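Let me begin by presenting the structure, written as structure tokens, before commenting on it.
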Amino acid sequence: DLQPLDDLVVGKAHDLAEDLNPQISFNKTKIAFRSTRSSSRTDLWTMNIDGSNQVQLTSSGSDEDFYPRWSTDDTKLTFSAYRPYGTGGRIMLINADGTGEKELYYKSGYDSYAAGFINNNTKVIFIREVRYCGGDVTLMSIGIDGSNPTEIINISDIIGVDGYVNVWGGPQVNQEENKVVFEYEYCDGKNFIYKIGVDGSGLQMLVDSTNGPIS
């Protein structure tokens, strides 16, 4: 039987740790998540689908690791990180067993948020933006070896309103459609959910926070 959610996520000790952003592996045997149980901010962990075998992958200390995204073969995870905390988000890569951690991308003054893997897991797709609602929200990709960072399309230019990708949920790849789904928040606080092709085509608003779903 599956464990209750509070046992599964927080652990049997029922400590006061925060456990967030669960992501189920493609073979449905593992869950990746982030947790404060071992540091002042969040590290990445994995566990079996029934909550057993909880394993810490990263040790960020006072920094923060978040938004784990599985490769479709479940051998790797990409994630975002504030290292050090207070600087812009970085795109990271790690093997599912916790080995081989490395930084793929960072640009000073910008935040970057990993969405997932594309091109048979040879590239990571992500969204980069100027920090603190500075605009220039851009869909990008990079090789898993850190090569060839590519600006695919400037999303904020298409939308026509400065904003940012809301970091509470983070962008994600819909592998079946080859699209990235993300929340875009205008600097005045209005929220919208969009999707866009991994090649930058077909930007579509799905939900308008002021009016609901788009028909």
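Ordering of the structure tokens sets the chain letters (A, B, ...), residue numbers begin anew at 1 in every chain, and ligands are numbered from 1 in the order given.
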What parts of range 7-209 of chain A does DSSP call strand (DSSP E or B)? I'd like the answer as JSON, numbers by chain. {"A": [19, 20, 21, 22, 23, 24, 30, 31, 32, 33, 34, 35, 43, 44, 45, 46, 47, 48, 55, 56, 64, 65, 66, 67, 68, 69, 70, 76, 77, 78, 79, 80, 81, 82, 85, 87, 90, 91, 92, 93, 94, 95, 102, 103, 104, 105, 110, 111, 112, 113, 114, 115, 116, 117, 118, 123, 124, 125, 126, 127, 128, 129, 130, 138, 139, 140, 141, 142, 143, 150, 151, 152, 153, 154, 163, 164, 165, 172, 173, 174, 179, 180, 181, 182, 183, 184, 185, 186, 191, 192, 193, 194, 195, 196, 197, 204, 205, 206, 207, 208]}
Would you kindly return, as a ChimeraX atom specification, each protein, DNA or RNA residue with an atom no farther than 9 Å from any atom of range 113-128 of chain A, considering only C-alpha atoms and excluding same-chain residues fewer than 5 positions away? /A:67-73,76-81,89-93,104,107,136-146,165,167,170-175,178,180-182,198
Quick one: residues within 12 Å of Leu44 in chain A, only C-alpha atoms, excluding same-chain residues fewer than 2 positions away - as an MDAnalysis selection string? chainID A and resid 18:23 31:39 41:42 46:47 54:61 63:69 77:81 92:98 101
Could you check the closest approach to Thr99 in chain A for each of A:Arg83, A:Cys133, A:Thr75, A:Asn154 and tell me which residue wins, using only C-alpha atoms? A:Thr75
Proximity to Arg131 in chain A - best of A:Tyr105, A:Ile152, A:Gly86, A:Ile158, only C-alpha atoms: A:Gly86
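Going from CA of Glu129 in chain A to CA of Asp43 in chain A covers 23.0 Å.
Distance check against Lys179 in chain A using only C-alpha atoms: of A:Thr29, A:Gln204, A:Ser156, A:Ser108, the minimum falls on A:Gln204.
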Would you return as number ranges by chain the members of range 127-169 of chain A that DSSP assigns to alpha helix (DSSP H) on this structure's backbone? A: 155-159
For the residues in the current selection, export C-alpha atoms as a short mmCIF file (atom, residue, chain, number, x, y, z; two decimals), in the first residue's frame.
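Below is the file out-v4.cif, written as the result:
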data_model
loop_
_atom_site.label_atom_id
_atom_site.label_comp_id
_atom_site.auth_asym_id
_atom_site.auth_seq_id
_atom_site.Cartn_x
_atom_site.Cartn_y
_atom_site.Cartn_z
CA ILE A 155 8.99 35.21 -25.22
CA SER A 156 8.43 38.65 -23.68
CA ASP A 157 8.83 40.28 -27.11
CA ILE A 158 6.03 38.07 -28.50
CA ILE A 159 3.72 38.63 -25.51
#
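Of the residues under consideration (A:Val161, A:Gly197, A:Gly134, A:Asn53), A:Gly197 shows the shortest atom-to-atom contact distance to Glu176 in chain A when counting only C-alpha atoms.
Closest approach to Gly160 in chain A from the set A:Glu103, A:Tyr82, A:Asn148, A:Tyr184 is made by A:Tyr184, with distances taken over only C-alpha atoms.
In this structure, CA of Ala17 in chain A sits 14.7 Å away from CA of Ser62 in chain A.
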